[in-house]
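Structure first, commentary second.
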Amino acid sequence: MKKILTILAFAAVTALAGCSRESAESCSMFPEYDGITIPCNIAPLNFRIDGTARIAVNVKGSAGEYAFKSRGPLFKFPAGKWKHMLETEKGGTLKVDITYRCVGRGHAGVRSLEWTVSTDSIDRYLSYRLIEPAYEVWSGIQVVERDMESFSTRLTGENRNAGNCCMNCHTSNGAGTSFMHLRGANGGTVLNREGRLVKLNTKTESTGNTVYGDISPDGHYGVFTAADIKFAIHSRIDRRMEVYDSGSDLVVLDFDNLTVTDSPAVKGTEYQETFPCFSADGRTIFFCRARHYEQPDSTKFMHYDIAAVQFDPETGRMGEKVVTVIPAGENLSFSHLKCSPDGKWLMASVASYGTFPIWHPECDNWLINLRTGAVDRMDNANSYGADTYHSWSSNSRWVVFASKRDDGVYGRPYIVHIDADGKAGKAFVLPQKDPDLYRTTMKSFNIPELFTVPEVYGTHDVAAFYNKVQTVPVEYRP
């Protein structure tokens with residue numbers, strides 16, 4: 001019933017957003033691609049103008065002029081001509097004039113846009129999880145790999161073939177090492193190391209289940225939150241649910257020796273640590289830390305600092321001293337940390353409290369200069385909806401993140417350019433062959449992850465791993 005009501009409500013909104021028969025100027029364009037910087041290798045920015053019969057697009061660049069036409073409300077750029085245009089106009093600005101006519105009317109409407117074609121390419125592959133944005137079920141979960149240069153996708157995981165288990169946190173170091181957690185009776189962590197797959201049981205007699213994590217640049221280590229994750233439902237109309245950790249520590253997993261280590265600095269009950277990530281040189285682990293309170297009643301008092309601890313790649317051990325990088329405030333809490341591969345920047349999601357802010361509409365992404373400590377609130381890229389779960393491209397010039405800006409419920413992947421000085425551009429939604437995919441898919445696109453090498457496995461491999469392959473235990477190393 002909830003899904004039917006959602007579909008009907010969305011159809012009503014879509015109808016209201018359509019083209020008025022009285023004025024072609026009221027026609028709505030979706031997505032709204034204007035004033036954006038785009039990668040030189042991005043798939044075509046197809047769009048719809050509802051209620052139109054014909055659309056003509058004229059693009060002017062410094063090297064030439066390009067004309068395109070289509071019938072109906074869906075405008076698709078020819079892939080070959082699009083690729084040629086971006087390659088020719090790389091580093092320049094495109095003036096885009098769109099002329100359209102409404103169905104049954106002779107009145108024409110005109111839209112003018114501007115696109116900057118960056119010389120910076122974006123990593124070719126993006127993974128994301130398709131999941132219903134609700135707390136009752138996680139049926140029909142899919143993990144998808146998208147080719148950013150085209151509209152090609154393939155499934156790398158589908159839980160209907162794996163006991164309807166929860167699949168989450170596909171994470172890659174961008175160059176051959178990745179992992180994905182499978183939960184449930186036959187679950188484990190599927191680790192891919194340059195094509196060699198193993199299903200690990202990462203829980204030991206001294207450490208808990210691993211959750212959020214990151215992979216060292218050299219691919220030898222993973223750093224994880226070991227946590228007991230729970231959720232609670234809000235009674236307030238402006239909040240849907242709250243996800244929290246009843247307790248959490250940090251552990252390092254040695255992928256070569258299949259051992260787990262921890263440190264007195266990041267374990268115990270006084271503090272809760274989560275969302276760790278490696279620095280670009282692999283010698284520092286950044287993470288979020290808050291003083292422990294009993295939850296869920298005291299979740300609103302959980303304000304997570306950004307902290308750091310040293311890491312020795314030679315021994316695989318964390319240091320014994322924690323340094324606070326940026327303290328939280330009374331209405332400030334950090335989560336979802338990611339370092340840029342060039343070592344210059346640290347991006348964090350920032351909400352008013354708590355550690356899992358995807359249902360916090362006030363959540364934004366901030367950019368921290370690791371050399372000066374300066375903080376940029378990225379006003380150009382953030383929105384009134386929750387902006388969370390970001391991933392850097394390997395050249396440190398692009399970030400993809402999950403945003404609920406369009407309707408407050410469904411997360412969608414948005415792309416933003418970060419220039420050499422750390423200035424963020426205007427974010428735009430991941431282009432689709434038909435943008436109506438965002439209107440008809442009743443699932444959130446969450447946990448986006450950029451990488452350069454496609455995964456070696458597919459959904460049938462994951463199903464086989466869940467149903468037939470035994471887990472390999474890891475050993476705790478004090």
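Labels for the structure tokens follow display order: chains A, B, ..., residues from 1 in each chain, ligands from 1.
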
So that I can check the surroundings of Gly91 of chain A, please list as an mmCIF file with N, CA and C atoms, in the first residue's frame every protein, DNA and RNA residue that reaches within 8 Å of it, counting only C-alpha atoms and ignoring chain neighbours fewer than 3 positions away.
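Writing done, so here's selection_5.cif:
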data_model
loop_
_atom_site.group_PDB
_atom_site.id
_atom_site.type_symbol
_atom_site.label_atom_id
_atom_site.label_comp_id
_atom_site.auth_asym_id
_atom_site.auth_seq_id
_atom_site.Cartn_x
_atom_site.Cartn_y
_atom_site.Cartn_z
ATOM 1 N N THR A 116 30.735 23.754 -18.730
ATOM 2 C CA THR A 116 32.186 23.784 -18.843
ATOM 3 C C THR A 116 32.692 22.347 -18.939
ATOM 4 N N VAL A 117 33.457 22.065 -19.989
ATOM 5 C CA VAL A 117 33.996 20.720 -20.191
ATOM 6 C C VAL A 117 35.389 20.670 -19.573
ATOM 7 N N SER A 118 35.514 19.994 -18.467
ATOM 8 C CA SER A 118 36.796 19.927 -17.764
ATOM 9 C C SER A 118 37.786 19.038 -18.508
ATOM 10 N N THR A 119 39.060 19.369 -18.408
ATOM 11 C CA THR A 119 40.102 18.479 -18.929
ATOM 12 C C THR A 119 40.305 17.284 -18.001
#

- Item | Neighbour list for Leu430 of chain A as a list in words, cut-off 9 Å, only C-alpha atoms, skip fewer than 6 positions in-chain | Ala43, Leu45, Met148, Val400, Arg412, Pro413, Tyr414 and Ile415 of chain A

- Message: At a cut-off of 7 Å, using only C-alpha atoms, what residues contact Ala226 of chain A? Leave out same-chain residues fewer than 6 positions from it and give the result as a ChimeraX atom specification.
- Response: /A:207-211,248-251

If we count only C-alpha atoms and set the cut-off at 7 Å, which residues sit around Met180 of chain A, ignoring sequence neighbours fewer than 3 positions away in its own chain? Please answer as a CSV table (one decimal) with N, CA and C atoms, in the first residue's frame.
chain,number,residue,atom,x,y,z
A,168,ASN,N,26.0,-4.8,1.6
A,168,ASN,CA,26.3,-3.4,1.8
A,168,ASN,C,27.8,-3.1,1.7
A,169,CYS,N,28.1,-1.8,1.6
A,169,CYS,CA,29.4,-1.2,1.7
A,169,CYS,C,30.4,-1.8,0.7
A,170,HIS,N,30.0,-1.8,-0.6
A,170,HIS,CA,31.0,-2.1,-1.6
A,170,HIS,C,32.0,-1.0,-1.6
A,171,THR,N,33.3,-1.3,-1.3
A,171,THR,CA,34.4,-0.4,-1.1
A,171,THR,C,35.6,-0.8,-1.9
A,189,THR,N,32.5,-11.4,4.5
A,189,THR,CA,33.0,-10.3,3.7
A,189,THR,C,33.8,-10.8,2.5
A,190,VAL,N,33.2,-10.5,1.3
A,190,VAL,CA,33.9,-10.9,0.1
A,190,VAL,C,35.0,-10.0,-0.3
A,191,LEU,N,36.2,-10.5,-0.2
A,191,LEU,CA,37.4,-9.7,-0.5
A,191,LEU,C,38.0,-10.0,-1.9

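When atom CA of Arg129 of chain A is paired with atom CA of Asp436 of chain A, their separation reads 18.5 Å.
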
- Fewer than 2 positions away in the same chain doesn't count, so skip those; otherwise give me all residues within 12 Å of Ala56 of chain A, counting only C-alpha atoms, as a VMD selection string. chain A and resid 49 52 to 54 58 to 59 66 to 77 96 to 101 108 to 112

Expected file contents, prior selection, N, CA, C and O atoms, as a short mmCIF file (atom, residue, chain, number, x, y, z; two decimals), in the first residue's frame:
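To be explicit, this is the file written out as again_6.cif:
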data_model
loop_
_atom_site.label_atom_id
_atom_site.label_comp_id
_atom_site.auth_asym_id
_atom_site.auth_seq_id
_atom_site.Cartn_x
_atom_site.Cartn_y
_atom_site.Cartn_z
N ILE A 49 11.84 17.17 -21.53
CA ILE A 49 11.00 18.35 -21.35
C ILE A 49 9.57 17.87 -21.56
O ILE A 49 9.15 17.62 -22.70
N THR A 52 6.38 18.01 -24.67
CA THR A 52 6.88 18.59 -25.91
C THR A 52 6.80 17.59 -27.06
O THR A 52 6.85 16.38 -26.86
N ALA A 53 6.67 18.12 -28.27
CA ALA A 53 6.60 17.29 -29.48
C ALA A 53 7.93 17.21 -30.19
O ALA A 53 8.27 16.17 -30.77
N ARG A 54 8.69 18.30 -30.16
CA ARG A 54 10.00 18.33 -30.82
C ARG A 54 10.97 19.15 -29.98
O ARG A 54 10.59 20.12 -29.34
N ASN A 58 21.15 23.41 -29.99
CA ASN A 58 22.29 23.97 -30.70
C ASN A 58 23.38 24.29 -29.67
O ASN A 58 23.13 25.00 -28.69
N VAL A 59 24.56 23.74 -29.88
CA VAL A 59 25.67 23.91 -28.94
C VAL A 59 26.80 24.67 -29.62
O VAL A 59 27.26 24.28 -30.70
N TYR A 66 27.44 22.69 -32.94
CA TYR A 66 26.91 21.34 -33.04
C TYR A 66 25.39 21.40 -32.92
O TYR A 66 24.86 22.01 -32.00
N ALA A 67 24.70 20.76 -33.88
CA ALA A 67 23.24 20.79 -33.92
C ALA A 67 22.69 19.39 -33.71
O ALA A 67 23.20 18.41 -34.26
N PHE A 68 21.63 19.30 -32.88
CA PHE A 68 20.99 18.03 -32.58
C PHE A 68 19.48 18.23 -32.59
O PHE A 68 18.99 19.30 -32.24
N LYS A 69 18.74 17.19 -32.99
CA LYS A 69 17.28 17.25 -32.99
C LYS A 69 16.71 15.92 -32.52
O LYS A 69 17.33 14.87 -32.67
N SER A 70 15.50 15.99 -31.95
CA SER A 70 14.80 14.76 -31.59
C SER A 70 13.30 15.02 -31.54
O SER A 70 12.87 16.17 -31.41
N ARG A 71 12.51 13.97 -31.62
CA ARG A 71 11.06 14.07 -31.49
C ARG A 71 10.65 13.64 -30.09
O ARG A 71 11.27 12.78 -29.49
N GLY A 72 9.58 14.23 -29.61
CA GLY A 72 9.04 13.84 -28.32
C GLY A 72 9.76 14.49 -27.16
O GLY A 72 10.73 15.24 -27.33
N PRO A 73 9.31 14.19 -25.95
CA PRO A 73 9.84 14.88 -24.76
C PRO A 73 11.22 14.42 -24.33
O PRO A 73 11.87 15.13 -23.56
N LEU A 74 11.66 13.25 -24.79
CA LEU A 74 12.98 12.74 -24.39
C LEU A 74 14.02 13.14 -25.42
O LEU A 74 13.89 12.82 -26.61
N PHE A 75 15.06 13.83 -24.94
CA PHE A 75 16.16 14.21 -25.85
C PHE A 75 17.38 13.38 -25.51
O PHE A 75 17.87 13.40 -24.38
N LYS A 76 17.87 12.65 -26.54
CA LYS A 76 19.06 11.82 -26.37
C LYS A 76 20.15 12.30 -27.34
O LYS A 76 19.93 12.37 -28.54
N PHE A 77 21.31 12.63 -26.80
CA PHE A 77 22.45 12.98 -27.65
C PHE A 77 23.02 11.71 -28.29
O PHE A 77 23.22 10.71 -27.58
N VAL A 96 24.62 26.28 -24.69
CA VAL A 96 23.61 25.33 -25.13
C VAL A 96 22.26 26.02 -25.23
O VAL A 96 21.72 26.50 -24.22
N ASP A 97 21.72 26.09 -26.44
CA ASP A 97 20.39 26.68 -26.67
C ASP A 97 19.42 25.56 -27.02
O ASP A 97 19.64 24.80 -27.98
N ILE A 98 18.32 25.49 -26.27
CA ILE A 98 17.32 24.44 -26.46
C ILE A 98 16.02 25.10 -26.90
O ILE A 98 15.50 25.99 -26.23
N THR A 99 15.50 24.66 -28.04
CA THR A 99 14.22 25.13 -28.55
C THR A 99 13.25 23.96 -28.58
O THR A 99 13.61 22.88 -29.05
N TYR A 100 12.03 24.15 -28.11
CA TYR A 100 11.06 23.05 -28.06
C TYR A 100 9.66 23.58 -28.31
O TYR A 100 9.37 24.76 -28.15
N ARG A 101 8.78 22.68 -28.76
CA ARG A 101 7.38 23.02 -29.00
C ARG A 101 6.48 22.07 -28.22
O ARG A 101 6.73 20.87 -28.19
N ALA A 108 6.67 28.15 -29.19
CA ALA A 108 8.00 27.60 -28.92
C ALA A 108 8.53 28.14 -27.60
O ALA A 108 8.27 29.28 -27.22
N GLY A 109 9.27 27.29 -26.92
CA GLY A 109 9.97 27.70 -25.73
C GLY A 109 11.47 27.61 -25.97
O GLY A 109 11.93 26.84 -26.81
N VAL A 110 12.23 28.39 -25.24
CA VAL A 110 13.68 28.42 -25.41
C VAL A 110 14.33 28.35 -24.04
O VAL A 110 13.91 29.05 -23.11
N ARG A 111 15.35 27.53 -23.92
CA ARG A 111 16.17 27.46 -22.71
C ARG A 111 17.62 27.65 -23.12
O ARG A 111 18.07 27.09 -24.13
N SER A 112 18.38 28.36 -22.32
CA SER A 112 19.81 28.55 -22.57
C SER A 112 20.59 28.05 -21.37
O SER A 112 20.32 28.45 -20.23
#

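Excluding Gly458 of chain A and any residue on its chain fewer than 5 positions from it, the residues at most 7 Å away by only C-alpha atoms are Leu155, Thr156 and Gly157 of chain A.
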
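Nearest to Ser393 of chain A of all the residues A:Phe428, A:Tyr125, A:Phe275, A:Tyr410 is A:Tyr125, based on only C-alpha atoms.
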
- For Lys199 of chain A, the nearest of the candidates A:Phe255, A:Phe47, A:Thr225, A:Gly174, counting only C-alpha atoms: A:Phe255

- Task: Select, from A:Val266, A:Leu437, A:Val399, A:Ala464, the residue with the minimum atom-to-atom distance to Leu126 of chain A, counting only C-alpha atoms.
- Result: A:Val399

Give one line per residue of segment 385-444 of chain A that approaches segment 369-375 of chain A to at most 12 Å, naming the two atoms of the closest pair and their distance in Å to one decimal, counting only C-alpha atoms; sort by chain then ascending residue number and deliver it as JSON lines.
{"residue": "A:Ala420", "atom": "CA", "partner": "A:Asn369", "partner_atom": "CA", "distance": 11.6}
{"residue": "A:Asp421", "atom": "CA", "partner": "A:Asn369", "partner_atom": "CA", "distance": 9.6}
{"residue": "A:Gly422", "atom": "CA", "partner": "A:Asn369", "partner_atom": "CA", "distance": 7.9}
{"residue": "A:Lys423", "atom": "CA", "partner": "A:Asn369", "partner_atom": "CA", "distance": 10.9}

Write the residues you've just listed into a file as a JSON list (two decimals), in the first residue's frame, and include all heavy atoms for each of them.
[["chain", "number", "residue", "atom", "x", "y", "z"],
["A", 420, "ALA", "N", 41.75, 22.49, -8.48],
["A", 420, "ALA", "CA", 43.05, 22.34, -7.82],
["A", 420, "ALA", "C", 43.15, 23.13, -6.53],
["A", 420, "ALA", "O", 43.96, 22.80, -5.65],
["A", 420, "ALA", "CB", 44.17, 22.76, -8.78],
["A", 421, "ASP", "N", 42.34, 24.18, -6.39],
["A", 421, "ASP", "CA", 42.34, 24.99, -5.17],
["A", 421, "ASP", "C", 41.28, 24.53, -4.17],
["A", 421, "ASP", "O", 41.08, 25.19, -3.14],
["A", 421, "ASP", "CB", 42.09, 26.46, -5.53],
["A", 421, "ASP", "CG", 43.21, 27.03, -6.39],
["A", 421, "ASP", "OD1", 44.39, 26.68, -6.13],
["A", 421, "ASP", "OD2", 42.91, 27.80, -7.32],
["A", 422, "GLY", "N", 40.60, 23.43, -4.47],
["A", 422, "GLY", "CA", 39.59, 22.91, -3.55],
["A", 422, "GLY", "C", 38.24, 23.58, -3.67],
["A", 422, "GLY", "O", 37.38, 23.40, -2.80],
["A", 423, "LYS", "N", 37.98, 24.31, -4.74],
["A", 423, "LYS", "CA", 36.69, 24.95, -4.93],
["A", 423, "LYS", "C", 35.73, 23.97, -5.60],
["A", 423, "LYS", "O", 36.02, 23.41, -6.65],
["A", 423, "LYS", "CB", 36.82, 26.22, -5.77],
["A", 423, "LYS", "CG", 35.50, 26.96, -5.95],
["A", 423, "LYS", "CD", 35.67, 28.22, -6.79],
["A", 423, "LYS", "CE", 34.35, 28.94, -6.97],
["A", 423, "LYS", "NZ", 34.50, 30.17, -7.81]]

- Item | Distance in Å - atom CA of Tyr304 of chain A versus atom CA of Ser340 of chain A | 20.8 Å
